[in-house]
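**Q** Quick one, coords-v4.cif (mmCIF, C-alpha atoms, pLDDT in the B column; chains and numbers go by the auth columns):
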```cif
data_model
loop_
_atom_site.group_PDB
_atom_site.id
_atom_site.type_symbol
_atom_site.label_atom_id
_atom_site.label_comp_id
_atom_site.label_asym_id
_atom_site.label_seq_id
_atom_site.Cartn_x
_atom_site.Cartn_y
_atom_site.Cartn_z
_atom_site.B_iso_or_equiv
_atom_site.auth_seq_id
_atom_site.auth_asym_id
ATOM 1 C CA MET A 1 90.228 31.594 28.905 48.00 1413 S
ATOM 2 C CA THR A 2 93.571 33.379 29.146 56.00 1414 S
ATOM 3 C CA ASP A 3 93.649 36.703 27.322 62.00 1415 S
ATOM 4 C CA PHE A 4 96.022 36.842 24.357 64.00 1416 S
ATOM 5 C CA ILE A 5 98.981 39.125 25.111 73.00 1417 S
ATOM 6 C CA GLN A 6 98.929 42.219 22.936 81.00 1418 S
ATOM 7 C CA ASP A 7 102.470 43.241 22.058 89.00 1419 S
ATOM 8 C CA GLN A 8 103.570 46.854 22.144 93.00 1420 S
ATOM 9 C CA PRO A 9 105.619 48.583 19.441 96.00 1421 S
ATOM 10 C CA LEU A 10 109.375 48.880 19.726 97.00 1422 S
ATOM 11 C CA ARG A 11 110.105 52.430 20.872 97.00 1423 S
ATOM 12 C CA ILE A 12 113.452 54.070 20.235 98.00 1424 S
ATOM 13 C CA ALA A 13 114.138 57.764 20.825 96.00 1425 S
ATOM 14 C CA GLY A 14 110.429 58.547 20.929 95.00 1426 S
ATOM 15 C CA GLN A 15 109.591 56.716 17.692 96.00 1427 S
ATOM 16 C CA ALA A 16 107.437 53.586 17.480 97.00 1428 S
ATOM 17 C CA PHE A 17 108.282 50.692 15.165 98.00 1429 S
ATOM 18 C CA THR A 18 106.330 47.580 14.248 97.00 1430 S
ATOM 19 C CA SER A 19 109.322 45.592 13.008 98.00 1431 S
ATOM 20 C CA ARG A 20 111.950 44.464 15.522 98.00 1432 S
ATOM 21 C CA LEU A 21 114.441 43.575 12.802 98.00 1433 S
ATOM 22 C CA LEU A 22 117.016 46.220 11.859 98.00 1434 S
ATOM 23 C CA VAL A 23 119.173 45.600 8.807 98.00 1435 S
ATOM 24 C CA GLY A 24 122.383 46.887 7.302 96.00 1436 S
ATOM 25 C CA THR A 25 123.153 47.745 3.698 94.00 1437 S
ATOM 26 C CA GLY A 26 126.737 46.519 3.230 91.00 1438 S
ATOM 27 C CA LYS A 27 128.147 43.491 1.366 92.00 1439 S
ATOM 28 C CA TYR A 28 125.318 43.163 -1.169 93.00 1440 S
ATOM 29 C CA ARG A 29 125.998 42.619 -4.875 92.00 1441 S
ATOM 30 C CA ASP A 30 124.486 45.985 -5.752 91.00 1442 S
ATOM 31 C CA PHE A 31 121.883 48.488 -4.568 90.00 1443 S
ATOM 32 C CA ASP A 32 119.093 46.596 -6.333 92.00 1444 S
ATOM 33 C CA GLU A 33 119.781 43.507 -4.221 95.00 1445 S
ATOM 34 C CA THR A 34 120.013 45.739 -1.159 95.00 1446 S
ATOM 35 C CA ALA A 35 116.557 47.142 -1.861 95.00 1447 S
ATOM 36 C CA GLU A 36 115.022 43.696 -2.433 96.00 1448 S
ATOM 37 C CA ALA A 37 116.503 42.284 0.770 97.00 1449 S
ATOM 38 C CA VAL A 38 115.475 45.262 2.883 97.00 1450 S
ATOM 39 C CA THR A 39 111.927 44.994 1.566 97.00 1451 S
ATOM 40 C CA ALA A 40 111.792 41.229 2.206 98.00 1452 S
ATOM 41 C CA SER A 41 113.048 41.761 5.772 98.00 1453 S
ATOM 42 C CA GLY A 42 110.178 44.067 6.659 97.00 1454 S
ATOM 43 C CA ALA A 43 112.673 46.304 8.480 98.00 1455 S
ATOM 44 C CA GLU A 44 111.773 49.902 9.211 98.00 1456 S
ATOM 45 C CA ILE A 45 115.204 50.956 10.495 98.00 1457 S
ATOM 46 C CA VAL A 46 118.098 50.642 8.052 97.00 1458 S
ATOM 47 C CA THR A 47 121.716 51.244 9.029 96.00 1459 S
ATOM 48 C CA PHE A 48 124.687 52.163 6.865 94.00 1460 S
ATOM 49 C CA ALA A 49 128.341 53.076 7.326 92.00 1461 S
ATOM 50 C CA VAL A 50 128.685 56.817 6.836 90.00 1462 S
ATOM 51 C CA ARG A 51 132.308 56.513 5.737 83.00 1463 S
ATOM 52 C CA ARG A 52 131.556 53.902 3.054 82.00 1464 S
ATOM 53 C CA THR A 53 128.227 55.030 1.634 84.00 1465 S
ATOM 54 C CA ASN A 54 127.352 57.606 -0.992 77.00 1466 S
ATOM 55 C CA LEU A 55 124.439 59.725 0.177 79.00 1467 S
ATOM 56 C CA GLY A 56 124.816 62.177 -2.653 69.00 1468 S
ATOM 57 C CA GLN A 57 128.177 63.618 -1.681 72.00 1469 S
ATOM 58 C CA THR A 58 129.785 61.863 -4.688 75.00 1470 S
ATOM 59 C CA ALA A 59 128.059 62.973 -7.854 72.00 1471 S
ATOM 60 C CA GLY A 60 127.510 60.393 -10.566 73.00 1472 S
ATOM 61 C CA GLU A 61 127.750 57.363 -8.252 79.00 1473 S
ATOM 62 C CA PRO A 62 124.784 55.246 -7.044 81.00 1474 S
ATOM 63 C CA ASN A 63 123.075 56.885 -4.085 82.00 1475 S
ATOM 64 C CA LEU A 64 121.801 54.722 -1.228 86.00 1476 S
ATOM 65 C CA LEU A 65 118.921 57.127 -0.623 88.00 1477 S
ATOM 66 C CA ASP A 66 117.507 56.244 -4.049 87.00 1478 S
ATOM 67 C CA VAL A 67 116.808 52.671 -2.913 88.00 1479 S
ATOM 68 C CA VAL A 68 116.334 53.288 0.823 91.00 1480 S
ATOM 69 C CA PRO A 69 114.419 56.581 0.840 91.00 1481 S
ATOM 70 C CA PRO A 70 114.077 58.496 4.126 92.00 1482 S
ATOM 71 C CA SER A 71 110.377 58.910 3.359 92.00 1483 S
ATOM 72 C CA ARG A 72 109.924 55.161 3.815 94.00 1484 S
ATOM 73 C CA PHE A 73 112.646 54.099 6.250 96.00 1485 S
ATOM 74 C CA THR A 74 114.233 55.441 9.421 97.00 1486 S
ATOM 75 C CA LEU A 75 117.889 55.862 8.581 96.00 1487 S
ATOM 76 C CA LEU A 76 120.494 54.827 11.125 97.00 1488 S
ATOM 77 C CA PRO A 77 123.943 56.136 10.137 96.00 1489 S
ATOM 78 C CA ASN A 78 126.699 54.222 11.914 96.00 1490 S
ATOM 79 C CA THR A 79 130.342 54.812 12.727 97.00 1491 S
ATOM 80 C CA ALA A 80 131.723 51.526 11.367 94.00 1492 S
ATOM 81 C CA GLY A 81 135.464 51.774 10.800 94.00 1493 S
ATOM 82 C CA CYS A 82 136.079 54.207 13.669 97.00 1494 S
ATOM 83 C CA TYR A 83 138.702 53.289 16.253 97.00 1495 S
ATOM 84 C CA THR A 84 138.684 56.425 18.415 98.00 1496 S
ATOM 85 C CA ALA A 85 135.988 58.490 20.083 98.00 1497 S
ATOM 86 C CA LYS A 86 137.165 61.522 18.134 98.00 1498 S
ATOM 87 C CA ASP A 87 136.651 59.813 14.757 97.00 1499 S
ATOM 88 C CA ALA A 88 133.251 58.466 15.799 98.00 1500 S
ATOM 89 C CA VAL A 89 132.021 61.876 16.905 98.00 1501 S
ATOM 90 C CA ARG A 90 133.284 63.474 13.694 97.00 1502 S
ATOM 91 C CA THR A 91 131.509 60.790 11.631 96.00 1503 S
ATOM 92 C CA CYS A 92 128.190 61.351 13.407 97.00 1504 S
ATOM 93 C CA LYS A 93 128.458 65.072 12.799 96.00 1505 S
ATOM 94 C CA LEU A 94 129.091 64.387 9.117 94.00 1506 S
ATOM 95 C CA ALA A 95 125.970 62.220 8.992 94.00 1507 S
ATOM 96 C CA ARG A 96 123.940 64.968 10.640 95.00 1508 S
ATOM 97 C CA GLU A 97 125.151 67.434 8.012 93.00 1509 S
ATOM 98 C CA LEU A 98 124.474 65.098 5.067 90.00 1510 S
ATOM 99 C CA LEU A 99 121.010 64.172 6.368 92.00 1511 S
ATOM 100 C CA ASP A 100 119.796 67.677 7.235 91.00 1512 S
ATOM 101 C CA GLY A 101 120.033 67.556 11.002 92.00 1513 S
ATOM 102 C CA HIS A 102 119.356 63.827 11.515 93.00 1514 S
ATOM 103 C CA LYS A 103 119.939 62.930 15.200 97.00 1515 S
ATOM 104 C CA LEU A 104 119.572 59.128 15.441 98.00 1516 S
ATOM 105 C CA VAL A 105 122.923 57.348 15.100 98.00 1517 S
ATOM 106 C CA LYS A 106 124.465 53.988 15.817 98.00 1518 S
ATOM 107 C CA LEU A 107 127.732 54.418 17.678 98.00 1519 S
ATOM 108 C CA GLU A 108 130.442 51.820 17.385 97.00 1520 S
ATOM 109 C CA VAL A 109 134.087 52.364 18.290 98.00 1521 S
ATOM 110 C CA LEU A 110 136.230 49.337 17.509 96.00 1522 S
ATOM 111 C CA GLY A 111 139.245 48.075 19.407 96.00 1523 S
ATOM 112 C CA ASP A 112 141.231 46.457 16.590 93.00 1524 S
ATOM 113 C CA GLN A 113 140.902 45.266 13.014 92.00 1525 S
ATOM 114 C CA SER A 114 141.256 41.552 13.731 91.00 1526 S
ATOM 115 C CA THR A 115 138.339 41.117 16.158 93.00 1527 S
ATOM 116 C CA LEU A 116 136.293 44.293 15.568 93.00 1528 S
ATOM 117 C CA TYR A 117 135.525 44.030 19.278 94.00 1529 S
ATOM 118 C CA PRO A 118 134.233 47.260 20.816 96.00 1530 S
ATOM 119 C CA ASN A 119 136.642 49.530 22.646 97.00 1531 S
ATOM 120 C CA VAL A 120 134.386 50.312 25.582 97.00 1532 S
ATOM 121 C CA VAL A 121 136.572 53.126 26.956 97.00 1533 S
ATOM 122 C CA GLU A 122 136.409 55.052 23.675 98.00 1534 S
ATOM 123 C CA THR A 123 132.747 54.110 23.261 98.00 1535 S
ATOM 124 C CA LEU A 124 131.835 55.620 26.636 98.00 1536 S
ATOM 125 C CA SER A 125 133.728 58.786 25.798 98.00 1537 S
ATOM 126 C CA ALA A 126 132.080 59.157 22.387 98.00 1538 S
ATOM 127 C CA ALA A 127 128.623 58.440 23.776 98.00 1539 S
ATOM 128 C CA GLU A 128 128.972 61.145 26.414 98.00 1540 S
ATOM 129 C CA THR A 129 130.094 63.711 23.826 98.00 1541 S
ATOM 130 C CA LEU A 130 127.377 62.846 21.300 98.00 1542 S
ATOM 131 C CA ILE A 131 124.546 62.867 23.841 98.00 1543 S
ATOM 132 C CA ALA A 132 125.680 66.260 25.126 98.00 1544 S
ATOM 133 C CA ASP A 133 125.541 67.466 21.508 98.00 1545 S
ATOM 134 C CA GLY A 134 121.918 66.384 21.090 97.00 1546 S
ATOM 135 C CA PHE A 135 122.309 63.049 19.312 98.00 1547 S
ATOM 136 C CA ASP A 136 120.070 60.048 19.977 98.00 1548 S
ATOM 137 C CA VAL A 137 122.642 57.283 20.426 98.00 1549 S
ATOM 138 C CA MET A 138 122.090 53.588 19.857 98.00 1550 S
ATOM 139 C CA VAL A 139 125.331 52.001 20.987 98.00 1551 S
ATOM 140 C CA TYR A 140 127.204 48.840 19.997 98.00 1552 S
ATOM 141 C CA THR A 141 128.988 47.405 23.007 98.00 1553 S
ATOM 142 C CA SER A 142 130.356 44.290 24.654 97.00 1554 S
ATOM 143 C CA ASP A 143 128.137 41.900 26.601 96.00 1555 S
ATOM 144 C CA ASP A 144 129.407 43.315 29.907 97.00 1556 S
ATOM 145 C CA PRO A 145 126.362 44.238 32.049 97.00 1557 S
ATOM 146 C CA ILE A 146 128.299 46.936 33.930 98.00 1558 S
ATOM 147 C CA VAL A 147 129.340 48.705 30.742 98.00 1559 S
ATOM 148 C CA ALA A 148 125.794 48.419 29.402 98.00 1560 S
ATOM 149 C CA ARG A 149 124.430 50.002 32.576 98.00 1561 S
ATOM 150 C CA GLU A 150 126.907 52.879 32.340 98.00 1562 S
ATOM 151 C CA LEU A 151 125.990 53.554 28.706 98.00 1563 S
ATOM 152 C CA GLU A 152 122.335 53.705 29.676 98.00 1564 S
ATOM 153 C CA ARG A 153 123.180 56.043 32.567 98.00 1565 S
ATOM 154 C CA LEU A 154 124.894 58.383 30.121 98.00 1566 S
ATOM 155 C CA GLY A 155 121.662 58.588 28.144 98.00 1567 S
ATOM 156 C CA CYS A 156 121.973 56.124 25.252 98.00 1568 S
ATOM 157 C CA CYS A 157 118.531 55.386 23.813 98.00 1569 S
ATOM 158 C CA ALA A 158 119.294 51.735 23.035 98.00 1570 S
ATOM 159 C CA ILE A 159 121.965 49.276 24.162 98.00 1571 S
ATOM 160 C CA MET A 160 123.276 46.876 21.508 98.00 1572 S
ATOM 161 C CA PRO A 161 125.515 44.141 22.922 98.00 1573 S
ATOM 162 C CA LEU A 162 127.231 41.788 20.500 97.00 1574 S
ATOM 163 C CA GLY A 163 126.065 38.205 20.158 96.00 1575 S
ATOM 164 C CA SER A 164 129.519 37.256 18.892 95.00 1576 S
ATOM 165 C CA LEU A 165 132.187 38.917 16.750 94.00 1577 S
ATOM 166 C CA ILE A 166 131.010 41.088 13.851 93.00 1578 S
ATOM 167 C CA GLY A 167 130.534 39.021 10.707 93.00 1579 S
ATOM 168 C CA SER A 168 131.439 35.738 12.448 93.00 1580 S
ATOM 169 C CA GLY A 169 128.024 34.097 12.209 95.00 1581 S
ATOM 170 C CA HIS A 170 128.625 32.275 15.497 96.00 1582 S
ATOM 171 C CA GLY A 171 125.320 33.349 17.011 96.00 1583 S
ATOM 172 C CA ILE A 172 124.844 34.200 20.674 96.00 1584 S
ATOM 173 C CA GLN A 173 127.883 33.031 22.609 95.00 1585 S
ATOM 174 C CA ASN A 174 126.929 34.287 26.074 94.00 1586 S
ATOM 175 C CA PRO A 175 123.163 34.182 26.615 95.00 1587 S
ATOM 176 C CA HIS A 176 123.588 34.528 30.386 96.00 1588 S
ATOM 177 C CA ASN A 177 125.288 37.926 30.152 96.00 1589 S
ATOM 178 C CA LEU A 178 122.750 39.019 27.588 97.00 1590 S
ATOM 179 C CA SER A 179 119.953 38.102 29.992 97.00 1591 S
ATOM 180 C CA LEU A 180 121.606 40.136 32.752 97.00 1592 S
ATOM 181 C CA ILE A 181 121.713 43.183 30.495 98.00 1593 S
ATOM 182 C CA ILE A 182 118.059 42.745 29.530 98.00 1594 S
ATOM 183 C CA GLU A 183 116.951 42.369 33.155 97.00 1595 S
ATOM 184 C CA GLN A 184 118.552 45.621 34.305 96.00 1596 S
ATOM 185 C CA ALA A 185 117.903 47.809 31.261 97.00 1597 S
ATOM 186 C CA GLU A 186 115.131 50.380 31.028 97.00 1598 S
ATOM 187 C CA VAL A 187 115.883 51.175 27.394 98.00 1599 S
ATOM 188 C CA PRO A 188 115.620 48.750 24.455 98.00 1600 S
ATOM 189 C CA VAL A 189 118.268 46.039 24.206 98.00 1601 S
ATOM 190 C CA LEU A 190 119.058 44.759 20.719 98.00 1602 S
ATOM 191 C CA VAL A 191 121.579 42.114 19.734 97.00 1603 S
ATOM 192 C CA ASP A 192 124.066 43.541 17.257 96.00 1604 S
ATOM 193 C CA ALA A 193 126.693 41.380 15.535 94.00 1605 S
ATOM 194 C CA GLY A 194 127.290 37.656 15.212 94.00 1606 S
ATOM 195 C CA ILE A 195 123.892 36.460 14.010 97.00 1607 S
ATOM 196 C CA GLY A 196 124.356 33.695 11.424 97.00 1608 S
ATOM 197 C CA THR A 197 120.949 32.232 10.705 97.00 1609 S
ATOM 198 C CA ALA A 198 117.282 32.421 11.634 98.00 1610 S
ATOM 199 C CA SER A 199 117.571 30.284 14.773 97.00 1611 S
ATOM 200 C CA ASP A 200 120.137 32.737 16.206 98.00 1612 S
ATOM 201 C CA ALA A 201 117.708 35.611 15.700 98.00 1613 S
ATOM 202 C CA ALA A 202 114.845 33.648 17.230 98.00 1614 S
ATOM 203 C CA LEU A 203 116.959 32.812 20.293 97.00 1615 S
ATOM 204 C CA ALA A 204 117.804 36.473 20.842 98.00 1616 S
ATOM 205 C CA MET A 205 114.119 37.324 20.838 98.00 1617 S
ATOM 206 C CA GLU A 206 113.214 34.376 23.081 97.00 1618 S
ATOM 207 C CA LEU A 207 115.730 35.658 25.633 97.00 1619 S
ATOM 208 C CA GLY A 208 113.787 38.909 25.770 97.00 1620 S
ATOM 209 C CA CYS A 209 115.727 41.188 23.430 98.00 1621 S
ATOM 210 C CA ASP A 210 113.714 44.050 22.011 98.00 1622 S
ATOM 211 C CA GLY A 211 115.155 43.562 18.558 98.00 1623 S
ATOM 212 C CA VAL A 212 118.075 42.349 16.445 98.00 1624 S
ATOM 213 C CA LEU A 213 120.343 44.213 14.040 98.00 1625 S
ATOM 214 C CA MET A 214 122.082 42.234 11.317 97.00 1626 S
ATOM 215 C CA ASN A 215 123.827 42.616 7.988 96.00 1627 S
ATOM 216 C CA SER A 216 126.210 39.790 7.067 96.00 1628 S
ATOM 217 C CA ALA A 217 123.743 37.030 7.935 97.00 1629 S
ATOM 218 C CA ILE A 218 121.472 38.279 5.168 98.00 1630 S
ATOM 219 C CA ALA A 219 123.909 39.802 2.672 97.00 1631 S
ATOM 220 C CA GLN A 220 126.293 36.826 2.670 97.00 1632 S
ATOM 221 C CA ALA A 221 123.641 34.126 2.449 97.00 1633 S
ATOM 222 C CA ARG A 222 123.474 32.212 -0.843 97.00 1634 S
ATOM 223 C CA GLN A 223 120.083 33.821 -1.425 97.00 1635 S
ATOM 224 C CA PRO A 224 120.014 37.094 0.512 97.00 1636 S
ATOM 225 C CA VAL A 225 116.415 38.015 -0.279 98.00 1637 S
ATOM 226 C CA LEU A 226 115.157 34.613 0.868 98.00 1638 S
ATOM 227 C CA MET A 227 117.262 34.845 4.041 98.00 1639 S
ATOM 228 C CA ALA A 228 115.853 38.295 4.731 98.00 1640 S
ATOM 229 C CA SER A 229 112.370 36.800 4.611 98.00 1641 S
ATOM 230 C CA ALA A 230 113.466 33.980 6.944 98.00 1642 S
ATOM 231 C CA MET A 231 114.896 36.476 9.426 98.00 1643 S
ATOM 232 C CA ARG A 232 111.676 38.447 9.424 98.00 1644 S
ATOM 233 C CA LYS A 233 109.731 35.326 10.397 98.00 1645 S
ATOM 234 C CA ALA A 234 112.323 34.284 12.996 98.00 1646 S
ATOM 235 C CA ILE A 235 112.118 37.636 14.747 98.00 1647 S
ATOM 236 C CA GLU A 236 108.330 37.461 14.832 97.00 1648 S
ATOM 237 C CA ALA A 237 108.303 33.837 16.071 98.00 1649 S
ATOM 238 C CA GLY A 238 110.931 34.500 18.736 98.00 1650 S
ATOM 239 C CA ARG A 239 109.043 37.525 20.016 98.00 1651 S
ATOM 240 C CA GLU A 240 105.774 35.576 20.225 97.00 1652 S
ATOM 241 C CA ALA A 241 107.532 32.721 22.042 97.00 1653 S
ATOM 242 C CA PHE A 242 108.954 35.187 24.583 97.00 1654 S
ATOM 243 C CA LEU A 243 105.544 36.732 25.191 96.00 1655 S
ATOM 244 C CA ALA A 244 103.891 33.300 25.436 95.00 1656 S
ATOM 245 C CA GLY A 245 106.402 32.061 28.030 94.00 1657 S
ATOM 246 C CA ARG A 246 108.164 28.757 27.494 90.00 1658 S
ATOM 247 C CA MET A 247 107.269 25.633 29.417 90.00 1659 S
ATOM 248 C CA PRO A 248 109.390 24.804 32.486 90.00 1660 S
ATOM 249 C CA ARG A 249 112.439 22.594 31.961 87.00 1661 S
ATOM 250 C CA ARG A 250 112.060 19.323 33.865 84.00 1662 S
ATOM 251 C CA GLN A 251 114.453 16.560 34.875 85.00 1663 S
ATOM 252 C CA SER A 252 111.942 13.797 34.188 80.00 1664 S
ATOM 253 C CA ALA A 253 109.301 13.066 31.592 80.00 1665 S
ATOM 254 C CA ASP A 254 105.800 14.514 31.904 75.00 1666 S
ATOM 255 C CA PRO A 255 103.349 12.786 29.515 73.00 1667 S
ATOM 256 C CA SER A 256 101.125 14.948 27.338 72.00 1668 S
ATOM 257 C CA SER A 257 98.325 12.414 27.861 63.00 1669 S
ATOM 258 C CA PRO A 258 98.267 11.555 31.613 61.00 1670 S
ATOM 259 C CA PHE A 259 97.162 8.154 32.943 57.00 1671 S
ATOM 260 C CA ALA A 260 94.487 9.677 35.164 59.00 1672 S
ATOM 261 C CA GLY A 261 91.025 9.189 33.707 58.00 1673 S
ATOM 262 C CA ARG A 262 92.063 6.858 30.911 62.00 1674 S
ATOM 263 C CA ILE A 263 89.724 4.127 29.703 62.00 1675 S
ATOM 264 C CA ASN A 264 90.986 0.668 30.597 60.00 1676 S
ATOM 265 C CA GLY A 265 90.670 -2.051 28.006 52.00 1677 S
#
```
Take the structure I supplied and represent it as structure tokens, if you would.
**A**
Amino acid sequence: MTDFIQDQPLRIAGQAFTSRLLVGTGKYRDFDETAEAVTASGAEIVTFAVRRTNLGQTAGEPNLLDVVPPSRFTLLPNTAGCYTAKDAVRTCKLARELLDGHKLVKLEVLGDQSTLYPNVVETLSAAETLIADGFDVMVYTSDDPIVARELERLGCCAIMPLGSLIGSGHGIQNPHNLSLIIEQAEVPVLVDAGIGTASDAALAMELGCDGVLMNSAIAQARQPVLMASAMRKAIEAGREAFLAGRMPRRQSADPSSPFAGRING
């Protein structure tokens, strides 16, 4: 009998995580819905835009940390809305100050407002500066394998290529490039951006991704909490399918019940 494959935890910057689903906190109706969806997702890493989130710096306004406490979740401040390396670095330093020396960040430097596609030149520059300053950098990037390899060489602790444009819901548009990145990487590879529904998340995991980060796919669903639960199951199913190994694709039929040994009437 074949031994059942025992999966290993997801490891990022020296920390181990059971869940391979990372979720964002934007676009929800309110913080209560955010908290319900995050709980339903089973996520352990929660990301938020430093520039758009109150972490206590604005007195009297709802504080994200009240519903996503650092004692329960690993916080992943991100640089959403930054279009230059300088702004991204400044934003990460602000997050470190607000979160008492927190080092884990999600770097994204965007190219323009219409596509929100990553500016890889500015991303590389920001990553180099942040890593030299002691940050643990998870980086949003294009699905270019060469760029991904360079970001890993610089010392990024996770590579996060887009599946498709941020918030588009188009799913994984270039699975071949994604597979190339996965094959060469020695750090975790997580799909970030473009996931629309559970089958997209499952496909990412079946391709061999170490995890998936999403926000809009859950927050903009008709029932975000229910979608969060669906995404949790999709990630788990996709991971198990990857570990199990899919059957070979064939050009002709191969009957489940072969003719050999059958009883003739």
**Q** Determine the residue set returned by the PyMOL selection byres ((chain S and resi 1574) around 10) for the present structure, and present it as a ChimeraX atom specification.
**A** /S:1529-1530,1552-1556,1571-1573,1575-1578,1583-1586,1590,1602-1607,1625
**Q** Next, the residues of the selection above should be written as a PDB file, in the frame of the given file with C-alpha atoms.
**A**
```pdb
ATOM      1  CA  TYR S1529     135.525  44.030  19.278  1.00 94.00           C
ATOM      2  CA  PRO S1530     134.233  47.260  20.816  1.00 96.00           C
ATOM      3  CA  TYR S1552     127.204  48.840  19.997  1.00 98.00           C
ATOM      4  CA  THR S1553     128.988  47.405  23.007  1.00 98.00           C
ATOM      5  CA  SER S1554     130.356  44.290  24.654  1.00 97.00           C
ATOM      6  CA  ASP S1555     128.137  41.900  26.601  1.00 96.00           C
ATOM      7  CA  ASP S1556     129.407  43.315  29.907  1.00 97.00           C
ATOM      8  CA  ILE S1571     121.965  49.276  24.162  1.00 98.00           C
ATOM      9  CA  MET S1572     123.276  46.876  21.508  1.00 98.00           C
ATOM     10  CA  PRO S1573     125.515  44.141  22.922  1.00 98.00           C
ATOM     11  CA  GLY S1575     126.065  38.205  20.158  1.00 96.00           C
ATOM     12  CA  SER S1576     129.519  37.256  18.892  1.00 95.00           C
ATOM     13  CA  LEU S1577     132.187  38.917  16.750  1.00 94.00           C
ATOM     14  CA  ILE S1578     131.010  41.088  13.851  1.00 93.00           C
ATOM     15  CA  GLY S1583     125.320  33.349  17.011  1.00 96.00           C
ATOM     16  CA  ILE S1584     124.844  34.200  20.674  1.00 96.00           C
ATOM     17  CA  GLN S1585     127.883  33.031  22.609  1.00 95.00           C
ATOM     18  CA  ASN S1586     126.929  34.287  26.074  1.00 94.00           C
ATOM     19  CA  LEU S1590     122.750  39.019  27.588  1.00 97.00           C
ATOM     20  CA  LEU S1602     119.058  44.759  20.719  1.00 98.00           C
ATOM     21  CA  VAL S1603     121.579  42.114  19.734  1.00 97.00           C
ATOM     22  CA  ASP S1604     124.066  43.541  17.257  1.00 96.00           C
ATOM     23  CA  ALA S1605     126.693  41.380  15.535  1.00 94.00           C
ATOM     24  CA  GLY S1606     127.290  37.656  15.212  1.00 94.00           C
ATOM     25  CA  ILE S1607     123.892  36.460  14.010  1.00 97.00           C
ATOM     26  CA  LEU S1625     120.343  44.213  14.040  1.00 98.00           C
TER      27      LEU S1625
END
```
**Q** With distances taken over all atoms listed in the file, which of S:Ala1665, S:Ala1653, S:Val1435, S:Leu1519 is nearest to Ala1452 in chain S?
**A**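 For Ala1452 in chain S, the nearest of the candidates is S:Val1435.
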**Q** Between CA of Asn1627 in chain S and CA of Ala1614 in chain S, what is the distance, to one decimal in Å?
**A**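 CA of Asn1627 in chain S sits 15.7 Å away from CA of Ala1614 in chain S.
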**Q** Mind checking which residues fall within 9 Å of Leu1536 in chain S, counting only C-alpha atoms, ignoring those fewer than 4 positions away in the same chain, and posting them as a PyMOL selection string?
**A** chain S and resi 1497+1531-1532+1540-1541+1559+1562-1563+1566
**Q** Within 12 Å of Pro1481 in chain S, counting only C-alpha atoms, which residues qualify if same-chain residues fewer than 6 places away don't, as an NGL selection string?
**A** :S and (1447 or 1450-1451 or 1456-1458 or 1467 or 1475 or 1487 or 1511)
**Q** Within 6 Å of Ser1628 in chain S, counting all atoms listed in the file, which residues qualify if same-chain residues fewer than 3 places away don't, as a list of chain:residue names?
**A** S:Gly1579, S:Ala1631, S:Gln1632
**Q** Of the candidates S:Pro1587, S:Pro1636, S:Pro1600, S:Gly1620, which shows the shortest atom-to-atom distance to Thr1437 in chain S, using all atoms listed in the file?
**A** S:Pro1636
**Q** Need the shell around Leu1433 in chain S: protein/DNA/RNA residues with any atom at most 9 Å away, counting only C-alpha atoms. Skip same-chain ones fewer than 2 positions apart. Format as number ranges by chain?
**A** S: 1431, 1435, 1453-1457, 1623-1626, 1643-1644, 1647-1648
**Q** Go through S:Lys1645, S:Arg1634, S:Arg1423, S:Arg1463 and flag the residue nearest Met1617 in chain S, using all atoms listed in the file for the distances.
**A**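 Distance minimum relative to Met1617 in chain S lands on S:Lys1645.
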**Q** Return the single residue from S:Thr1465, S:Cys1569, S:Arg1508, S:Asp1478 that is closest to Ile1424 in chain S, with distances computed using all atoms listed in the file.
**A** S:Cys1569
**Q** CA of Leu1522 in chain S to CA of Cys1494 in chain S: how many Å, to one decimal?
**A**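 Rounded to one decimal, the two atoms are 6.2 Å apart.
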**Q** Which is closer to Arg1464 in chain S than all the others in S:Gly1436, S:Pro1660, S:Gly1426, S:Gly1493, using all atoms listed in the file?
**A**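 Answer, going by the shortest atom-to-atom distance: S:Gly1493.
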**Q** Please write out, as AutoDock Vina command-line options, where the centre of an axis-aligned box around all listed atoms of range 1632-1647 of chain S lies and how long its edges are, in Å to one decimal, after adding 4 Å on each side.
**A**
```
--center_x 118.0 --center_y 35.3 --center_z 6.7 --size_x 24.6 --size_y 14.2 --size_z 24.2
```
**Q** When you count all atoms listed in the file, which of these residues is closest to Ile1543 in chain S: S:Leu1422, S:Ala1610, S:Val1601, S:Val1517?
**A**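 Looking at the shortest contact to Ile1543 in chain S, the residue is S:Val1517.
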**Q** Starting from the displayed file, determine the output of the PyMOL selection byres ((chain S and resi 1505) around 12) and express the residue list as a count of residues only.
**A** 32
**Q** Using the chain letters and numbers from the file, which residues does the PyMOL selection byres ((chain S and resi 1441) around 12) grab, as a ChimeraX atom specification?
**A** /S:1437-1440,1442-1449,1630-1637
